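Everything on this sheet refers to the single structure shown next.
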Amino acid sequence: PRQGNLSRAAREANLTVSALSHQMKQLEERLDRRLFERGPRGVTLTVDGSCLLEAVGEHVDGIEHALGAYHARHHDALTLSASPGIMSSWLVPRLPKLVAAHPELELSLQSGSTLVNFAREPVDVALRYGRGQWPGLHCERLFGEWIAPVAAPELVARMAGVDPRDLSRWPLLGEPGESTRWNDWFGRTGGTRPKRYVAQFDSLDALRHAALEGLGVALGRMVTSKSLIDAGRLQVLGNSYLAVKEAYWLVYPPRSLEHRGLQRFREWLLAEAADYRGQMSAFRPDDLAVD
């Protein structure tokens, strides 16, 4: 035990103190070396023990890290990863219903913009945005996404008298991916694309905050923007919504198939997604499907 406390080391190794002491003794017998000094204040390493730890410690840490994703997990503990947008605007507001239905679940939520690596990280399931093309993983489509121009009420007030259907006369905010969605939008709705944007962003979170501050018009994802629209913090300009090819997916590795907590969460989530699809069908008039 590196920390010198046998009880603490036994807890970390998920062993009894007796079992750990037995393994320590077996190791000393196998190497024919005295590795540990046992005293009234705990256990310390001998010179041979210190040399052995220095030689193998780095390798042991590497093995523990590599096996981290495969450690036995409690079936009531569920670790989920999702992007900040879908996590805060869609999932979290619905979690009280999940907790009420399954109070036994212990949820650990990880929010981040990068895709989780199931092979290296102890994550059971993720919510992802894309086209469902993640080899080696189980992917279940939850619902689609639509985009539309959105602006803060303060900007709409400043632009009073300017036709919101003529976006070339409005300050527009560029989005990640060289504003390819704006190309899609003008390609489907017509109009003249502006020669430049008021500001260009490489982060959807920064883009959303800029729109909320009234800097300009953003192409908002309706799934993650609907709560802001309902609260009156953003307004949709016009009455058209562009359906995009990407969607939101429930994604998990084969090792999670036998996870009982995931099974409960999956059943609940698919029901919530079905209900949400029904709500969104009434929310989007003049839907313009992307090719």
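Ligands are numbered from 1 in the order shown, chains are lettered A, B, ... in the order of the structure tokens, and residues start at 1 in each chain.
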
Please provide as a list in words all residues within 12 Å of Lys226 of chain A, with the sequence filter that same-chain residues fewer than 4 positions apart are discarded (counting only C-alpha atoms). Gly85, Ile86, Ser88, Ser89, Trp90, Glu145, Trp146, Ile147, Ala148, Val150, Gly220, Arg221, Met222, Asp230, Ala231, Gly232, Arg233, Leu234, Gln235, Val236, Tyr276, Gln279, Met280, Phe283 and Arg284 of chain A

Need the shell around Pro93 of chain A: protein/DNA/RNA residues with any atom at most 12 Å away, counting only C-alpha atoms. Skip same-chain ones fewer than 6 positions apart. Format as number ranges by chain? A: 86-87, 99, 224, 227, 272

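When only C-alpha atoms are used to compute distances to Ser203 of chain A, the closest of the residues A:Val244, A:Leu31, A:Trp249, A:Thr114 turns out to be A:Thr114.
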
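One distance worth recording is that between atom CA of Leu257 of chain A and atom CA of Leu137 of chain A, which is 10.7 Å.
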
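Minimum distance to Gly214 of chain A across A:Ile229, A:Leu109, A:Asp275, A:Ala157 (counting only C-alpha atoms) occurs at A:Ala157.
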
Would you mind telling me which residue in A:Arg208, A:Arg264, A:His59, A:Arg128 lies nearest to Ala101 of chain A when using only C-alpha atoms?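 Closest to Ala101 of chain A of all the choices is A:Arg264.
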
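Take atom CA of Glu258 of chain A and atom CA of Gly112 of chain A: the distance between them is 25.6 Å.
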
Residue with smallest distance to Asp163 of chain A - pool A:Leu212, A:Pro96, A:Ala243, A:Leu237, counting only C-alpha atoms: A:Leu237

Rounded to one decimal place, report the atom CA of Pro149 of chain A-atom CA of Leu127 of chain A distance in Å.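 Taking atom CA of Pro149 of chain A as the start and atom CA of Leu127 of chain A as the end point, the length is 24.7 Å.
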
Within 10 Å of Gly261 of chain A, counting only C-alpha atoms, which residues qualify if same-chain residues fewer than 6 places away don't, as a ChimeraX atom specification? /A:74-79,102,104-107,124

Sel. of strand (DSSP E or B) residues, segment 207-255 of chain A, as a list in words: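 Selecting the strand (DSSP E or B) positions of segment 207-255 of chain A gives Val217, Ala218, Leu219, Gly220, Arg221, Gln235, Val236, Tyr241, Leu242, Ala243, Val244, Lys245, Glu246, Ala247, Tyr248, Trp249, Leu250, Val251 and Tyr252 of chain A.
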
Residue with smallest distance to Pro176 of chain A - pool A:Leu52, A:Ala206, A:Val17, A:Leu35, counting only C-alpha atoms: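 So, comparing all the options, the nearest one is A:Ala206.
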
Just checking: using only C-alpha atoms, which residue out of A:Ser113, A:Thr44, A:Gln23, A:Ser108 ends up closest to Asp202 of chain A? A:Ser113
